[in-house]
Amino acid sequence: MPYEAEESIEEKSVKATTTASYLAFSGLFTLIVYGLAFVAIARLLGPSNYGAYVIAVSVAGAFGAVGNFGIATYLERNIPKTKSSDGLQRLIGSSIATILLLGTIIVLVGLAFSHYLTFALFHSFAYFGVLIVAIVSIVFSMLYGVGHGALIGFNDGKGSTIASIVYTISQATVSVALVLLGFGVMGAVLGLFAGLSIGSLVVLWRIRKHTPIALSIKEFKERAKSIFSFSLPIAGSNFFSSLPSNIGVMLLAMYVASSTIGDYGVASRVESILGIFTGSMVVLLPFFSSLNLERKKETSEILSYMLYLIYLFATPFVVFFVMFAHPIMYTVFPRYEGVYVYIAIMSASLLISILGAPASSIVVSKAKVKKVLAFSALVGLTELALLVLLIPYFTIYALIGVLYFVGPAIVDFLYLHEIGKDAIKVFPRRIYRIAFANLLLVLVFMPVLLIKMYPTLKLAVAFVLLFIVYPPIIGLTKAVRKRDIKIIETITSRVPMMNGIIRAVLSYAALFAAIE
């Protein structure tokens, strides 16, 4: 049957998902540290001050919307193809010189507009210094992104994990410490600056273990055309992808109080915790680049199986966050209790954004960078137009609806349609089984949701129930088979910290799983 992958197909899927799951689950440590820091900062600052922090970061994000100009993707794609040590040295050196030059230009432009933006968005010059620090951090954000891309190109998963951990711990420690010392919003922004600058130093140190770094203006001029011919379309894609979210916050700041921005910032940050499942998809580009994409049926089966695995893990947590958003907010963010509606809506949107992630990796791996730019421009301009039209009337709900539903739905359609032209498609039958299993999970959760009890206790009961009930449900509904469990065990066998927990849950699920 077409949706059932052959054993060989599933084994090939392991090659892609092992790296993805390693980064995703090993990133759990950084997620916990960053999450705890986020909780502390949001609680300490309160809605209004946290809103000011979100605005400052959004301004920096708007000026840095091109990301790292696609140079990280350029390195991911070209480092594996560069065999000579001299070639690697020139490739890395010219790429870093390029991003430092471009980052400096962007920072200078941002500083030129900082005075006007402070008044327009904060309605007070008290936050002028905060905005300056946020804008200066752009160059380090770009450098860190390029360095991280180089480590992925070197297949240095350990190095990229070390860099992520150091960056996260640095930002979390400095931010919380300075806020506790009374520096307020400035302390949080200085923590961001510290994390990015220290993280940049770590990725450069790790790169030097693979090749020396020699910055050369002459080499930059010689290789600039090669770099930009590939990276500029990716930069344009990054620009149109990230600009709407940052401009959206800036537009919203013109119509609502900073406390509302703080509410939105907390909700979007909570949703991003769930986004770890889609974030792991970025490492699939090197895998798809190595595939023979002319073998349409095999590529379709691998794509379908990877989507199946991601939905298998992500969907129950989405259900949990949607149904128990209120107890979560009451327990973790009592000053933001009314934000639970935003969190429930944003969490549900993750199921939409998951679908198009691997399809976009396939399109990029086939070097269709102009197509990627065209799609990003279409989606970004559509989102911007809708935000300008709707935010004055529907404020935060317009921002959430456009960014979390309209945009991702268009992205899914465009990329799935594009790979469909090459006869690559998703076989959804097993994903339907996951959907049915999670509908049963909703029914199990419903009595807990309706029974009156202390919100924190309700949250604890639901969380324990999730691990008790979900494994039998996916086994009895044949959403997972014993063969799938063996493959997942292989994928997660090298994951630090989580290996034992995952193995225990899988062993429990195996008691109910079909053998087929």
# chains A, B, ... in the order shown; residues from 1 in each chain; ligands from 1
$ residues_around --residues "A:Asn438" --least-positions-apart "4" --cutoff "8 Å" --atoms "only C-alpha atoms" --output "count of residues only"
5
$ residues_around --residues "A:Ile419" --least-positions-apart "6" --cutoff "8 Å" --atoms "only C-alpha atoms" --output "PyMOL selection string"
chain A and resi 359+362-363+425
$ residues_around --residues "stretch 325-337 of chain A" --least-positions-apart "5" --cutoff "9 Å" --atoms "only C-alpha atoms" --output "compact mmCIF listing (two decimals) with C-alpha atoms, in the first residue's frame"
# COMPACT_ATOMS: atom_id res chain seq x y z
CA VAL A 39 9.45 32.75 33.25
CA ALA A 42 8.33 37.87 32.50
CA ARG A 43 7.22 37.56 36.12
CA GLY A 46 5.35 42.44 34.52
CA PRO A 47 3.17 42.94 31.40
CA GLY A 262 3.66 41.92 26.94
CA ASP A 263 0.67 39.56 26.89
CA VAL A 266 4.44 35.77 26.69
CA PHE A 320 -2.36 19.41 26.18
CA TYR A 342 -3.87 33.49 22.97
CA ILE A 343 -1.77 30.48 23.96
CA ALA A 344 -4.52 28.00 23.07
CA TYR A 454 -7.18 23.92 41.98
CA PRO A 455 -5.68 24.89 38.57
CA THR A 456 -2.14 23.76 39.45
CA LEU A 457 -3.44 20.39 40.65
CA LYS A 458 -5.53 20.06 37.48
CA LEU A 459 -2.42 20.74 35.41
$ closest_residue --among "A:Val448, A:Leu403, A:Ala462, A:Ser304" --to "A:Phe427" --atoms "only C-alpha atoms"
A:Ser304
$ select_by_dssp --residues "stretch 68-159 of chain A" --states "alpha helix (DSSP H)" --output "PyMOL selection string"
chain A and resi 71-78+85-117+128-153+157-159
$ residues_around --residues "A:Leu384" --least-positions-apart "4" --cutoff "8 Å" --atoms "only C-alpha atoms" --output "PyMOL selection string"
chain A and resi 244+247-248+380+388
$ write_last_selection --atoms "N, CA and C atoms" --output "CSV table (one decimal), in the first residue's frame"
chain,number,residue,atom,x,y,z
A,244,PRO,N,7.1,40.3,8.7
A,244,PRO,CA,5.7,40.5,9.2
A,244,PRO,C,5.6,40.4,10.7
A,247,ILE,N,7.2,43.6,12.3
A,247,ILE,CA,6.5,44.8,11.9
A,247,ILE,C,5.1,44.7,12.6
A,248,GLY,N,4.5,43.5,12.7
A,248,GLY,CA,3.2,43.4,13.3
A,248,GLY,C,3.2,43.8,14.7
A,380,GLY,N,4.9,36.9,2.7
A,380,GLY,CA,5.3,38.0,3.5
A,380,GLY,C,4.5,39.2,3.2
A,388,VAL,N,-1.6,45.5,8.2
A,388,VAL,CA,-1.9,46.9,8.1
A,388,VAL,C,-3.4,47.2,8.0
$ closest_residue --among "A:Ala194, A:Leu251, A:Val189, A:Ala163" --to "A:Ala134" --atoms "only C-alpha atoms"
A:Val189
$ closest_residue --among "A:Leu91, A:Ala314, A:Ile105, A:Ala172" --to "A:Thr211" --atoms "only C-alpha atoms"
A:Leu91
$ closest_residue --among "A:Val464, A:Arg429, A:Tyr470, A:Ile234" --to "A:Val372" --atoms "only C-alpha atoms"
A:Ile234
$ closest_atom_pairs --of "stretch 54-153 of chain A" --to "stretch 200-203 of chain A" --cutoff "8 Å" --atoms "only C-alpha atoms" --output "CSV"
residue,atom,partner,partner_atom,distance
A:Phe140,CA,A:Ser200,CA,6.5
A:Ser141,CA,A:Ser200,CA,7.8
A:Leu143,CA,A:Ser200,CA,6.2
A:Tyr144,CA,A:Ser200,CA,4.6
A:Gly147,CA,A:Val203,CA,5.3
A:His148,CA,A:Val203,CA,6.4
A:Leu151,CA,A:Val203,CA,7.6
$ closest_residue --among "A:Leu511, A:Val146, A:Ile165, A:Ala40" --to "A:Ile198" --atoms "only C-alpha atoms"
A:Ile165
$ closest_residue --among "A:Gly275, A:Ile473, A:Val136, A:Phe38" --to "A:Tyr508" --atoms "only C-alpha atoms"
A:Ile473
$ residues_around --residues "A:Ile213" --least-positions-apart "6" --cutoff "12 Å" --atoms "only C-alpha atoms" --output "list in words"
Ser85, Asp86, Gly87, Leu88, Gln89, Arg90, Leu91, Ile92, Gly93, Ser94, Ser95, Ile96, Ala97, Gly147, Ala150, Val203, Leu204, Trp205, Arg206 and Ile207 of chain A
$ residues_around --residues "A:Leu476" --least-positions-apart "3" --cutoff "9 Å" --atoms "only C-alpha atoms" --output "list in words"
Ala437, Pro471, Pro472, Ile473, Ala479, Val480, Phe512, Ala513 and Ala514 of chain A
$ write_last_selection --atoms "N, CA, C and O atoms" --output "tab-separated table (two decimals), in the first residue's frame"
chain	number	residue	atom	x	y	z
A	437	ALA	N	-6.30	9.11	17.22
A	437	ALA	CA	-5.80	8.80	18.55
A	437	ALA	C	-5.87	10.03	19.46
A	437	ALA	O	-6.20	9.92	20.64
A	471	PRO	N	0.32	6.48	25.29
A	471	PRO	CA	0.95	5.29	24.71
A	471	PRO	C	-0.03	4.16	24.41
A	471	PRO	O	0.01	3.59	23.30
A	472	PRO	N	-0.94	3.79	25.34
A	472	PRO	CA	-1.91	2.75	24.97
A	472	PRO	C	-2.83	3.16	23.83
A	472	PRO	O	-3.19	2.32	22.98
A	473	ILE	N	-3.21	4.42	23.80
A	473	ILE	CA	-4.12	4.87	22.74
A	473	ILE	C	-3.48	4.71	21.36
A	473	ILE	O	-4.10	4.18	20.43
A	479	ALA	N	-1.83	3.59	15.58
A	479	ALA	CA	-1.10	4.78	15.15
A	479	ALA	C	0.40	4.54	15.24
A	479	ALA	O	1.19	5.22	14.58
A	480	VAL	N	0.80	3.55	16.05
A	480	VAL	CA	2.21	3.16	16.13
A	480	VAL	C	2.29	1.64	16.16
A	480	VAL	O	1.42	0.97	16.71
A	512	PHE	N	1.11	-2.36	23.79
A	512	PHE	CA	-0.18	-2.23	23.13
A	512	PHE	C	-0.06	-2.14	21.61
A	512	PHE	O	-1.08	-2.14	20.91
A	513	ALA	N	1.16	-2.06	21.09
A	513	ALA	CA	1.36	-1.82	19.66
A	513	ALA	C	1.18	-3.10	18.85
A	513	ALA	O	1.48	-4.21	19.32
A	514	ALA	N	0.72	-2.91	17.61
A	514	ALA	CA	0.56	-4.03	16.69
A	514	ALA	C	1.92	-4.46	16.15
A	514	ALA	O	2.85	-3.67	16.03
$ atom_distance --atom1 "atom CA of A:Leu389" --atom2 "atom CA of A:Asn49"
27.3 Å
$ residues_around --residues "A:Ile135" --least-positions-apart "4" --cutoff "8 Å" --atoms "only C-alpha atoms" --output "short mmCIF file (atom, residue, chain, number, x, y, z; two decimals) with N, CA, C and O atoms, in the first residue's frame"
data_model
loop_
_atom_site.label_atom_id
_atom_site.label_comp_id
_atom_site.auth_asym_id
_atom_site.auth_seq_id
_atom_site.Cartn_x
_atom_site.Cartn_y
_atom_site.Cartn_z
N VAL A 59 12.00 45.56 17.04
CA VAL A 59 12.67 46.56 16.21
C VAL A 59 13.99 46.01 15.68
O VAL A 59 14.31 46.14 14.49
N ALA A 60 14.77 45.38 16.57
CA ALA A 60 16.02 44.76 16.13
C ALA A 60 15.75 43.67 15.10
O ALA A 60 16.47 43.53 14.11
N PHE A 63 15.03 45.25 11.59
CA PHE A 63 16.23 45.67 10.88
C PHE A 63 17.10 44.46 10.48
O PHE A 63 17.78 44.49 9.46
N VAL A 107 23.35 47.81 11.38
CA VAL A 107 23.34 48.45 12.70
C VAL A 107 23.38 49.98 12.56
O VAL A 107 22.64 50.70 13.24
N GLY A 110 20.01 51.19 11.52
CA GLY A 110 19.09 51.12 12.65
C GLY A 110 19.31 52.25 13.64
O GLY A 110 18.35 52.85 14.14
N LEU A 111 20.56 52.55 13.92
CA LEU A 111 20.87 53.63 14.85
C LEU A 111 20.39 54.98 14.31
O LEU A 111 19.98 55.86 15.07
N LEU A 131 16.68 50.48 23.24
CA LEU A 131 16.59 50.25 21.80
C LEU A 131 17.98 50.23 21.16
O LEU A 131 18.24 49.43 20.25
#
